[in-house]
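Student: One file: run-v6.cif (mmCIF, C-alpha atoms and all ligand atoms).
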```cif
data_entry
#
loop_
_atom_site.label_atom_id
_atom_site.label_comp_id
_atom_site.auth_asym_id
_atom_site.auth_seq_id
_atom_site.Cartn_x
_atom_site.Cartn_y
_atom_site.Cartn_z
CA MET A 30 14.20 -13.64 -29.40
CA SER A 31 14.95 -10.02 -30.06
CA THR A 32 15.19 -9.44 -26.32
CA PHE A 33 16.55 -12.85 -25.31
CA ILE A 34 19.85 -12.66 -27.20
CA PRO A 35 20.95 -9.19 -26.03
CA THR A 36 19.96 -10.05 -22.46
CA VAL A 37 22.10 -13.19 -22.42
CA ARG A 38 24.97 -11.42 -24.19
CA GLU A 39 25.02 -8.44 -21.85
CA THR A 40 24.64 -10.68 -18.80
CA PHE A 41 27.96 -12.25 -19.70
CA ARG A 42 29.50 -8.84 -20.27
CA TYR A 43 28.47 -7.27 -16.98
CA LYS A 44 30.07 -8.35 -13.76
CA GLY A 45 27.09 -7.99 -11.46
CA LYS A 46 27.24 -9.20 -7.89
CA GLU A 47 25.08 -11.75 -6.04
CA GLY A 48 21.90 -9.93 -7.13
CA GLN A 49 22.63 -10.65 -10.78
CA LEU A 50 23.47 -14.26 -9.95
CA ALA A 51 20.21 -14.61 -8.02
CA TRP A 52 18.30 -13.26 -11.00
CA ILE A 53 20.00 -15.66 -13.44
CA GLY A 54 19.10 -18.56 -11.14
CA HIS A 55 15.54 -17.30 -10.88
CA ARG A 56 15.20 -17.15 -14.65
CA LEU A 57 16.68 -20.62 -15.12
CA GLY A 58 14.37 -21.92 -12.41
CA GLY A 59 11.36 -20.35 -14.07
CA LEU A 60 12.33 -21.65 -17.47
CA GLY A 61 13.05 -25.15 -16.16
CA THR A 62 9.70 -25.31 -14.39
CA LEU A 63 7.87 -24.09 -17.47
CA ILE A 64 9.49 -26.71 -19.69
CA PHE A 65 8.73 -29.41 -17.11
CA PHE A 66 5.09 -28.36 -16.95
CA ILE A 67 4.73 -28.39 -20.72
CA ILE A 68 6.25 -31.87 -20.98
CA HIS A 69 4.11 -33.04 -18.08
CA VAL A 70 0.86 -31.72 -19.54
CA VAL A 71 1.65 -33.19 -22.94
CA ASP A 72 2.59 -36.67 -21.68
CA THR A 73 -0.34 -36.85 -19.28
CA SER A 74 -2.69 -36.03 -22.13
CA TRP A 75 -1.26 -39.05 -23.94
CA VAL A 76 -2.95 -41.35 -21.39
CA TYR A 77 -6.09 -40.52 -23.30
CA PHE A 78 -4.89 -39.75 -26.81
CA TRP A 79 -1.95 -42.12 -27.24
CA PRO A 80 -1.56 -44.73 -24.47
CA GLN A 81 1.52 -46.46 -26.01
CA GLY A 82 3.26 -43.11 -26.16
CA TYR A 83 2.48 -42.57 -22.49
CA HIS A 84 4.04 -45.89 -21.49
CA HIS A 85 7.04 -45.10 -23.62
CA ALA A 86 7.38 -41.74 -21.87
CA ILE A 87 7.24 -43.38 -18.43
CA VAL A 88 10.07 -45.73 -19.43
CA LEU A 89 12.01 -42.75 -20.74
CA TYR A 90 11.63 -40.89 -17.44
CA ARG A 91 13.48 -43.72 -15.72
CA SER A 92 16.57 -43.11 -17.86
CA TRP A 93 19.71 -41.34 -16.62
CA PRO A 94 19.19 -37.94 -18.24
CA PHE A 95 15.64 -37.63 -16.96
CA GLN A 96 16.41 -38.84 -13.44
CA ILE A 97 19.24 -36.35 -13.14
CA GLY A 98 17.14 -33.69 -14.82
CA GLU A 99 14.40 -34.23 -12.24
CA LEU A 100 16.87 -33.86 -9.40
CA LEU A 101 18.02 -30.58 -10.91
CA LEU A 102 14.47 -29.47 -11.50
CA VAL A 103 13.55 -29.84 -7.83
CA LEU A 104 16.55 -27.71 -6.91
CA LEU A 105 15.42 -25.04 -9.36
CA VAL A 106 11.83 -25.10 -8.15
CA ILE A 107 12.85 -24.76 -4.49
CA TYR A 108 15.17 -21.89 -5.37
CA HIS A 109 12.61 -20.17 -7.58
CA GLY A 110 10.03 -20.29 -4.79
CA LEU A 111 12.32 -19.06 -2.02
CA ASN A 112 13.88 -16.36 -4.16
CA GLY A 113 10.42 -15.20 -5.21
CA LEU A 114 9.56 -14.80 -1.52
CA ARG A 115 12.75 -12.83 -0.95
CA ILE A 116 11.94 -10.45 -3.81
CA THR A 117 8.37 -10.01 -2.57
CA LEU A 118 9.69 -9.19 0.88
CA MET A 119 12.18 -6.66 -0.48
CA ASP A 120 9.58 -4.93 -2.61
CA TRP A 121 7.24 -4.82 0.35
CA LYS A 122 9.86 -3.38 2.72
CA PRO A 123 12.10 -1.25 0.50
CA THR A 124 14.56 -0.37 3.27
CA LEU A 125 15.56 -4.03 3.44
CA TRP A 126 17.84 -3.27 0.48
CA ARG A 127 20.64 -2.76 3.02
CA TYR A 128 20.57 -6.47 3.73
CA GLN A 129 20.21 -7.53 0.14
CA ARG A 130 23.53 -9.37 0.10
CA GLN A 131 22.79 -11.27 3.31
CA MET A 132 19.25 -12.05 2.18
CA THR A 133 20.42 -13.32 -1.19
CA LEU A 134 23.12 -15.50 0.35
CA GLY A 135 20.54 -16.64 2.90
CA THR A 136 18.24 -17.68 0.07
CA PHE A 137 21.04 -19.72 -1.51
CA GLY A 138 21.67 -21.36 1.88
CA LEU A 139 18.01 -22.11 2.58
CA THR A 140 17.66 -23.60 -0.89
CA VAL A 141 20.46 -26.06 -0.16
CA LEU A 142 18.92 -26.87 3.22
CA PHE A 143 15.48 -27.57 1.74
CA TYR A 144 17.05 -29.52 -1.07
CA ILE A 145 18.92 -32.01 1.08
CA PRO A 146 15.88 -34.17 2.04
CA ALA A 147 14.50 -34.00 -1.51
CA PHE A 148 17.89 -35.02 -2.86
CA ILE A 149 18.14 -37.98 -0.53
CA ILE A 150 14.62 -39.24 -1.24
CA MET A 151 14.70 -38.71 -5.00
CA GLY A 152 18.34 -39.75 -5.29
CA SER A 153 17.66 -43.07 -3.59
CA HIS A 154 14.75 -43.69 -5.98
CA ALA A 155 16.99 -42.86 -8.92
CA LEU A 156 19.65 -45.26 -7.66
CA LYS A 157 17.05 -48.00 -7.36
CA ASN A 158 15.62 -47.36 -10.82
CA LEU A 159 18.92 -47.03 -12.59
CA LEU A 160 21.29 -49.36 -10.79
CA GLY A 161 19.00 -51.49 -8.69
CA ILE A 162 20.73 -50.32 -5.51
CA GLU A 163 18.44 -50.02 -2.52
CA LEU A 164 19.56 -47.64 0.19
CA PHE A 165 16.61 -47.68 2.51
CA MET B 248 52.96 0.35 -10.47
CA ASP B 249 52.84 -1.17 -13.93
CA ILE B 250 49.35 -1.22 -15.35
CA ARG B 251 48.16 -2.78 -18.55
CA LEU B 252 45.17 -0.73 -19.61
CA ARG B 253 42.86 -2.58 -21.97
CA ILE B 254 40.35 -0.36 -23.69
CA ARG B 255 37.47 -1.56 -25.83
CA ARG B 256 37.82 0.62 -28.90
CA PHE B 257 35.58 1.20 -31.87
CA ASN B 258 35.67 3.80 -34.59
CA PRO B 259 32.55 3.50 -36.74
CA GLU B 260 34.33 5.08 -39.70
CA VAL B 261 37.02 2.41 -39.84
CA ASP B 262 36.11 -0.63 -37.76
CA GLN B 263 33.59 -3.32 -38.49
CA GLU B 264 33.72 -4.49 -34.89
CA SER B 265 35.09 -3.27 -31.60
CA TYR B 266 38.46 -4.60 -30.43
CA TRP B 267 40.74 -4.51 -27.38
CA ALA B 268 43.58 -2.01 -27.51
CA GLU B 269 46.28 -2.47 -24.88
CA TYR B 270 48.48 0.20 -23.37
CA ASP B 271 51.27 -0.60 -20.94
CA LEU B 272 51.63 2.23 -18.47
CA LYS B 273 54.61 2.63 -16.14
CA ASP B 274 54.93 4.54 -12.87
CA VAL B 275 51.23 4.55 -12.20
CA GLN B 276 50.42 5.73 -8.68
CA PRO B 277 47.95 3.74 -6.57
CA VAL B 278 46.00 6.96 -6.01
CA ASP B 279 45.73 7.75 -9.74
CA ARG B 280 42.19 7.62 -11.00
CA VAL B 281 41.22 5.55 -14.02
CA LEU B 282 40.40 8.86 -15.69
CA ASP B 283 44.05 9.91 -15.22
CA LEU B 284 45.17 6.77 -17.04
CA LEU B 285 42.74 7.37 -19.89
CA GLU B 286 43.85 10.96 -20.22
CA HIS B 287 47.47 9.85 -20.22
CA VAL B 288 46.71 7.53 -23.12
CA LYS B 289 44.82 10.23 -24.96
CA GLY B 290 47.43 12.93 -24.28
CA HIS B 291 50.64 10.98 -24.76
CA ILE B 292 50.01 7.76 -26.63
CA ASP B 293 47.00 7.94 -28.90
CA GLY B 294 45.05 11.16 -29.32
CA THR B 295 42.29 9.42 -31.24
CA LEU B 296 40.89 7.79 -28.08
CA GLY B 297 37.31 8.93 -27.59
CA LEU B 298 35.93 9.50 -24.09
CA ARG B 299 33.64 11.91 -22.32
CA ARG B 300 34.59 13.81 -19.21
CA SER B 301 33.98 17.21 -17.84
CA CYS B 302 34.27 18.00 -14.14
CA GLY B 303 36.72 15.26 -13.19
CA HIS B 304 35.21 15.18 -9.68
CA GLY B 305 32.13 12.98 -9.76
CA ILE B 306 29.71 15.84 -10.23
CA CYS B 307 28.78 16.04 -13.90
CA GLY B 308 28.14 12.35 -14.56
CA SER B 309 29.74 12.31 -17.99
CA ASP B 310 32.38 9.61 -17.56
CA ALA B 311 30.41 6.57 -16.45
CA MET B 312 31.86 3.47 -18.12
CA ARG B 313 32.35 -0.21 -17.52
CA ILE B 314 35.56 -0.68 -15.57
CA ASN B 315 36.55 -4.30 -14.93
CA GLY B 316 33.04 -5.26 -15.93
CA GLN B 317 31.14 -2.91 -13.63
CA ASN B 318 29.73 0.55 -14.18
CA MET B 319 31.70 3.27 -12.40
CA LEU B 320 32.76 6.86 -12.89
CA ALA B 321 36.32 6.86 -14.23
CA CYS B 322 37.00 10.01 -12.22
CA LYS B 323 35.99 8.40 -8.92
CA VAL B 324 37.73 5.05 -8.99
CA LEU B 325 41.35 4.81 -7.91
CA VAL B 326 43.81 2.34 -9.33
CA ARG B 327 44.40 0.88 -5.85
CA ASN B 328 40.72 -0.04 -5.66
CA LEU B 329 41.16 -2.22 -8.72
CA VAL B 330 44.70 -3.56 -8.54
CA GLN B 331 46.57 -4.88 -5.53
CA GLY B 332 50.33 -5.40 -5.71
CA ASP B 333 52.58 -3.57 -8.14
CA LYS B 334 51.24 -4.72 -11.43
CA GLY B 335 47.92 -5.60 -12.93
CA THR B 336 45.38 -5.13 -15.68
CA ILE B 337 42.44 -2.76 -15.86
CA GLN B 338 39.74 -3.15 -18.50
CA VAL B 339 37.65 -0.24 -19.66
CA GLU B 340 34.59 -0.58 -21.88
CA PRO B 341 31.63 1.58 -22.84
CA MET B 342 28.34 1.15 -20.94
CA LEU B 343 25.92 -1.50 -22.18
CA GLY B 344 22.53 -0.97 -23.75
CA LEU B 345 23.24 2.38 -25.41
CA PRO B 346 24.65 2.65 -28.96
CA VAL B 347 28.40 3.23 -29.04
CA ILE B 348 29.34 6.39 -30.93
CA LYS B 349 33.08 5.95 -30.62
CA ASP B 350 35.33 4.08 -28.19
CA LEU B 351 33.99 4.86 -24.70
CA ILE B 352 31.38 7.37 -25.84
CA VAL B 353 27.80 6.12 -25.97
CA ASP B 354 24.74 7.86 -27.36
CA MET B 355 22.94 9.15 -24.26
CA GLU B 356 19.87 10.36 -26.15
CA PRO B 357 17.69 7.27 -25.51
CA PHE B 358 18.56 7.64 -21.82
CA PHE B 359 17.58 11.31 -21.72
CA GLU B 360 14.41 10.52 -23.63
CA HIS B 361 13.32 8.28 -20.74
CA TYR B 362 14.39 10.97 -18.30
CA ARG B 363 12.18 13.55 -20.00
CA ALA B 364 9.26 11.10 -20.07
CA VAL B 365 8.76 11.37 -16.29
CA VAL B 366 8.31 15.18 -16.40
CA PRO B 367 11.35 15.70 -14.18
CA TYR B 368 10.63 19.21 -12.99
CA PHE B 369 8.59 20.88 -10.30
CA ILE B 370 4.91 21.42 -11.12
CA ASN B 371 2.50 23.43 -9.02
CA ASP B 372 0.06 25.74 -10.74
CA ASP B 373 -1.40 27.15 -7.52
CA PRO B 374 -0.66 30.83 -7.11
CA ALA B 375 2.78 31.17 -5.58
CA PRO B 376 2.81 32.35 -1.95
CA GLU B 377 4.38 35.67 -1.14
CA ARG B 378 7.56 33.98 0.00
CA GLU B 379 8.82 30.43 -0.60
CA ARG B 380 6.68 27.25 -0.32
CA LEU B 381 7.58 26.05 3.14
CA GLN B 382 8.53 22.49 3.93
CA ARG B 383 9.47 20.72 7.15
CA PRO B 384 12.91 19.09 7.35
CA ALA B 385 11.26 15.65 7.46
CA GLU B 386 9.31 16.41 4.29
CA ARG B 387 12.49 17.52 2.56
CA GLU B 388 14.25 14.41 3.81
CA ARG B 389 11.59 12.21 2.18
CA PHE B 390 12.95 12.80 -1.32
CA ASP B 391 16.52 13.70 -0.46
CA GLU B 392 18.17 10.65 -2.03
CA GLY B 393 16.79 11.38 -5.49
CA THR B 394 18.19 14.90 -5.48
CA LYS B 395 21.72 13.48 -5.50
CA CYS B 396 21.39 11.92 -8.95
CA ILE B 397 23.83 13.22 -11.56
CA LEU B 398 22.25 11.38 -14.53
CA CYS B 399 25.35 9.38 -15.30
CA ALA B 400 23.34 6.36 -16.55
CA ALA B 401 25.46 3.88 -14.59
CA CYS B 402 22.30 2.43 -13.04
CA THR B 403 20.14 2.16 -16.14
CA THR B 404 22.86 0.57 -18.25
CA SER B 405 23.66 -2.00 -15.55
CA CYS B 406 20.05 -3.19 -15.45
CA PRO B 407 19.23 -6.55 -17.08
CA SER B 408 15.64 -5.40 -17.66
CA PHE B 409 17.00 -2.49 -19.66
CA TRP B 410 19.30 -4.76 -21.69
CA ALA B 411 16.26 -6.88 -22.48
CA ASP B 412 14.02 -3.98 -23.42
CA ARG B 413 15.50 -0.60 -24.22
CA THR B 414 12.09 0.99 -23.97
CA TYR B 415 12.02 0.23 -20.21
CA ILE B 416 12.13 3.62 -18.59
CA GLY B 417 15.03 2.53 -16.37
CA PRO B 418 16.18 3.18 -12.81
CA ALA B 419 17.53 6.70 -13.37
CA ALA B 420 14.22 8.02 -14.70
CA ILE B 421 12.40 6.40 -11.76
CA VAL B 422 14.83 8.02 -9.31
CA GLN B 423 14.10 11.37 -10.94
CA ALA B 424 10.37 10.79 -10.78
CA HIS B 425 10.66 9.75 -7.12
CA ARG B 426 12.28 13.08 -6.33
CA PHE B 427 9.11 14.92 -7.41
CA ILE B 428 6.47 12.32 -6.51
CA PHE B 429 7.49 12.49 -2.86
CA ASP B 430 7.89 16.27 -2.80
CA GLY B 431 4.77 17.51 -1.00
CA ARG B 432 4.89 20.86 -2.83
CA ASP B 433 4.61 19.26 -6.26
CA THR B 434 1.14 18.53 -7.62
CA ALA B 435 1.85 16.32 -10.65
CA GLY B 436 2.67 13.16 -8.70
CA ASP B 437 -0.36 11.23 -9.95
CA SER B 438 0.44 11.79 -13.61
CA ARG B 439 4.02 10.65 -12.99
CA LEU B 440 2.74 7.55 -11.20
CA ALA B 441 0.49 6.86 -14.19
CA ILE B 442 3.51 6.99 -16.51
CA LEU B 443 5.48 4.70 -14.23
CA ALA B 444 2.58 2.27 -13.87
CA SER B 445 2.59 1.69 -17.62
CA GLU B 446 4.00 -1.38 -19.30
CA LYS B 447 7.40 0.29 -19.70
CA GLY B 448 7.47 1.55 -16.13
CA VAL B 449 8.44 0.25 -12.69
CA TRP B 450 7.01 -3.24 -13.05
CA ARG B 451 9.88 -4.14 -15.36
CA CYS B 452 12.14 -3.86 -12.33
CA ARG B 453 13.03 -7.34 -11.08
CA THR B 454 14.75 -6.17 -7.90
CA ILE B 455 18.17 -7.32 -9.09
CA PHE B 456 20.17 -4.52 -7.35
CA ASN B 457 22.71 -3.99 -10.15
CA CYS B 458 21.62 -0.33 -10.22
CA THR B 459 22.12 0.21 -6.50
CA MET B 460 25.57 -1.39 -6.68
CA ALA B 461 26.52 0.78 -9.66
CA CYS B 462 25.33 4.19 -8.46
CA PRO B 463 28.39 6.41 -7.83
CA ARG B 464 26.25 8.70 -5.65
CA GLU B 465 25.32 5.80 -3.39
CA ILE B 466 21.63 6.37 -3.94
CA PRO B 467 19.61 3.34 -2.79
CA VAL B 468 18.09 3.12 -6.26
CA THR B 469 16.22 -0.16 -5.74
CA GLN B 470 14.67 1.18 -2.55
CA LEU B 471 13.36 4.25 -4.38
CA ILE B 472 11.95 2.08 -7.17
CA ALA B 473 10.20 -0.13 -4.61
CA GLU B 474 8.73 2.97 -2.95
CA VAL B 475 7.29 4.07 -6.28
CA LYS B 476 5.88 0.56 -6.80
CA LYS B 477 4.18 0.80 -3.42
CA ALA B 478 2.84 4.27 -4.17
CA ILE B 479 1.28 2.93 -7.36
CA GLY B 480 -0.18 0.01 -5.43
CA LYS B 481 -1.78 2.36 -2.92
CA GLN B 482 -3.43 4.54 -5.57
CA LYS B 483 -7.19 4.28 -5.78
CA PRO B 484 -8.29 2.53 -8.96
S1 LIG C 1 20.70 7.11 -9.83
FE1 LIG C 1 22.95 7.04 -9.52
S2 LIG C 1 23.67 5.67 -11.17
FE2 LIG C 1 21.63 6.33 -11.73
S3 LIG C 1 21.92 8.10 -13.07
FE3 LIG C 1 21.60 8.87 -10.97
S4 LIG C 1 23.66 9.07 -10.12
FE4 LIG C 1 23.87 7.80 -11.96
S1 LIG C 2 34.08 13.75 -15.13
FE1 LIG C 2 32.32 14.61 -14.17
S2 LIG C 2 31.57 12.91 -13.08
FE2 LIG C 2 33.43 12.15 -13.79
#
```
Written as structure tokens, that's how I'd like the structure from this file.
Tutor:
Amino acid sequence: MSTFIPTVRETFRYKGKEGQLAWIGHRLGGLGTLIFFIIHVVDTSWVYFWPQGYHHAIVLYRSWPFQIGELLLVLLVIYHGLNGLRITLMDWKPTLWRYQRQMTLGTFGLTVLFYIPAFIIMGSHALKNLLGIELF
Amino acid sequence: MDIRLRIRRFNPEVDQESYWAEYDLKDVQPVDRVLDLLEHVKGHIDGTLGLRRSCGHGICGSDAMRINGQNMLACKVLVRNLVQGDKGTIQVEPMLGLPVIKDLIVDMEPFFEHYRAVVPYFINDDPAPERERLQRPAERERFDEGTKCILCAACTTSCPSFWADRTYIGPAAIVQAHRFIFDGRDTAGDSRLAILASEKGVWRCRTIFNCTMACPREIPVTQLIAEVKKAIGKQKP
């Protein structure tokens, strides 16, 4: 906590460019994935330890907040992965810094591109689960 | 031009918290520097304003501050770079991550402590040759960027990793270390790499590029940091 609060506070106070935005997204993506994994490990363990709880959790996952949360999570995971590759590439070839703006914007673009099919597939499932509408 | 200059002020002897002070300045020229505006305030409106400056020409590195949210040297940024049209607002605040002493003056000691930690001076205990230690132009070129650093702290205080952990050695110290690590005449490169490979060293860098964007000397700071990372990676265990 002692580092979390100043980091968030100063992030709001400094007007960084796309690099800072990319980093914020990366952190949110990492955090989102971590929370998802924790929830996932805990609820899967319930199959063994607490079967009613597991069924309850499965019902809960079909609710609005979770369905939308999952859609968001996939976006974050795709971004986190692609942005991680970009950073690896830039650390490996330091002179690429000249293209850092283009590469960062490119990562945002690729994320959207990769997200479209996931959004359509998962979104149609969500629609079916929540509203009973079948698209395909 | 009419400029409203908003300055984040704080006097530890009087104020509990910092606050915005506003000064409306008339007849500002587009080619005036932010430093000119600050000096106008200090000279003609409120002499208690605290700021650091020395050379006034981007050489000494003493007037780095946060101008419209980004680190810059007040003596290098012109009003026309910040405000288009004939009126506007300019915000000036102290740099982040270092304790504020008064108004725009921050305590640079923690910054210089990190600087000293990388042994930022030439080391070679071999007997000196009769004349100078020769170097080819390409060898000199290898560490040229780092020699331009004026230790203004704009990079280090723009770095989210430094905001998170003030013990992170920071971009400026790495730039300084780079200058000697890649100087073929220096012999202490390995000990500098060992310092930078530590927990508080280069691996805290997340390749965010705030430092590169902030550097008033246009040093490709992130590139130099990545080169040090690679040099550490190539070291034999
Ligand atoms: S690297 Fe640039 S921003 Fe950092 S201290 Fe040196 S001159 Fe200032
Ligand atoms: S006053 Fe010396 S760098 Fe600005």
Student: Just give me the gap between atom CA of Phe429 of chain B and atom CA of Glu392 of chain B in Å, one decimal is fine.
Tutor: 10.9 Å
Student: Taking all atoms listed in the file into account, list the residues no farther than 7 Å from ligand LIG 2 (chain C), as an NGL selection string.
Tutor: :B and (300-311 or 320-323)
Student: Selection from above, C-alpha atoms, as a PDB file, keeping the file's coordinate frame, can you write it?
Tutor:
```
ATOM      1  CA  ARG B 300      34.590  13.810 -19.210  1.00  0.00           C
ATOM      2  CA  SER B 301      33.980  17.210 -17.840  1.00  0.00           C
ATOM      3  CA  CYS B 302      34.270  18.000 -14.140  1.00  0.00           C
ATOM      4  CA  GLY B 303      36.720  15.260 -13.190  1.00  0.00           C
ATOM      5  CA  HIS B 304      35.210  15.180  -9.680  1.00  0.00           C
ATOM      6  CA  GLY B 305      32.130  12.980  -9.760  1.00  0.00           C
ATOM      7  CA  ILE B 306      29.710  15.840 -10.230  1.00  0.00           C
ATOM      8  CA  CYS B 307      28.780  16.040 -13.900  1.00  0.00           C
ATOM      9  CA  GLY B 308      28.140  12.350 -14.560  1.00  0.00           C
ATOM     10  CA  SER B 309      29.740  12.310 -17.990  1.00  0.00           C
ATOM     11  CA  ASP B 310      32.380   9.610 -17.560  1.00  0.00           C
ATOM     12  CA  ALA B 311      30.410   6.570 -16.450  1.00  0.00           C
ATOM     13  CA  LEU B 320      32.760   6.860 -12.890  1.00  0.00           C
ATOM     14  CA  ALA B 321      36.320   6.860 -14.230  1.00  0.00           C
ATOM     15  CA  CYS B 322      37.000  10.010 -12.220  1.00  0.00           C
ATOM     16  CA  LYS B 323      35.990   8.400  -8.920  1.00  0.00           C
TER      17      LYS B 323
END
```
Student: Kindly compile the residues surrounding ligand LIG 1 (chain C) within 12 Å, counting only C-alpha atoms and all ligand atoms, and format them as a ChimeraX atom specification.
Tutor: /B:305-312,317-320,342,355,358-359,361-362,392-406,417-426,456-472
Student: Of the candidates B:Ile370, B:Arg387, B:Arg453, B:Pro376, which shows the shortest atom-to-atom distance to Ser408 of chain B, using all atoms listed in the file?
Tutor: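 Under the stated criterion, the closest residue is B:Arg453.
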Student: Which value, in Å to one decimal, gives the distance between atom CA of Trp410 of chain B and atom CA of Glu39 of chain A?
Tutor: 6.8 Å
Student: Report, in Å to a single decimal, how far apart atom CA of Leu252 of chain B and atom CA of Ile337 of chain B are.
Tutor: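 Spanning atom CA of Ile337 of chain B to atom CA of Leu252 of chain B is a straight-line distance of 5.1 Å.
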Student: Which residues are close to Phe95 of chain A, i.e. within 12 Å by all atoms listed in the file, leaving aside same-chain residues fewer than 3 positions away? Reply as a CSV table (one decimal) with C-alpha atoms, in the frame of the given file.
Tutor:
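Writing done, so here's result_7.csv:
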```csv
chain,number,residue,atom,x,y,z
A,65,PHE,CA,8.7,-29.4,-17.1
A,68,ILE,CA,6.2,-31.9,-21.0
A,86,ALA,CA,7.4,-41.7,-21.9
A,87,ILE,CA,7.2,-43.4,-18.4
A,88,VAL,CA,10.1,-45.7,-19.4
A,89,LEU,CA,12.0,-42.8,-20.7
A,90,TYR,CA,11.6,-40.9,-17.4
A,91,ARG,CA,13.5,-43.7,-15.7
A,92,SER,CA,16.6,-43.1,-17.9
A,98,GLY,CA,17.1,-33.7,-14.8
A,99,GLU,CA,14.4,-34.2,-12.2
A,100,LEU,CA,16.9,-33.9,-9.4
A,101,LEU,CA,18.0,-30.6,-10.9
A,102,LEU,CA,14.5,-29.5,-11.5
A,155,ALA,CA,17.0,-42.9,-8.9
A,158,ASN,CA,15.6,-47.4,-10.8
A,159,LEU,CA,18.9,-47.0,-12.6
```
Student: Point out the residue among B:Tyr415, B:Tyr270, B:Phe409, B:Phe427 with the least atom-to-atom distance to chain A, counting all atoms listed in the file.
Tutor: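 Using all atoms listed in the file, the shortest distance to chain A belongs to B:Phe409.
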Student: Please determine the contact residues of chain A with respect to chain B at a cut-off of 6 Å, counting all atoms listed in the file, and supply them as a list in words.
Tutor: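 My answer is Thr32, Thr36, Tyr43, Lys44, Gly48, Gln49, Asp120 and Pro123 of chain A.
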Student: From the list A:Arg56, A:Arg130, A:Leu118, A:Phe78, which residue is nearest Phe33 of chain A when using all atoms listed in the file?
Tutor: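 Closest to Phe33 of chain A, using all atoms listed in the file: A:Arg56.
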Student: Under the rule that all atoms listed in the file are counted, which of B:Val281, B:Asp350, B:Asp293, B:Arg299 is the nearest residue to Asn328 of chain B?
Tutor: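 With all atoms listed in the file as the atom set, the closest residue is B:Val281.
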Student: Write out as a PyMOL selection string each polymer residue whose atoms come within 12 Å of Gln482 of chain B, counting all atoms listed in the file; drop sequence neighbours fewer than 2 positions from it.
Tutor: chain B and resi 436-438+440-441+444+475-480+484
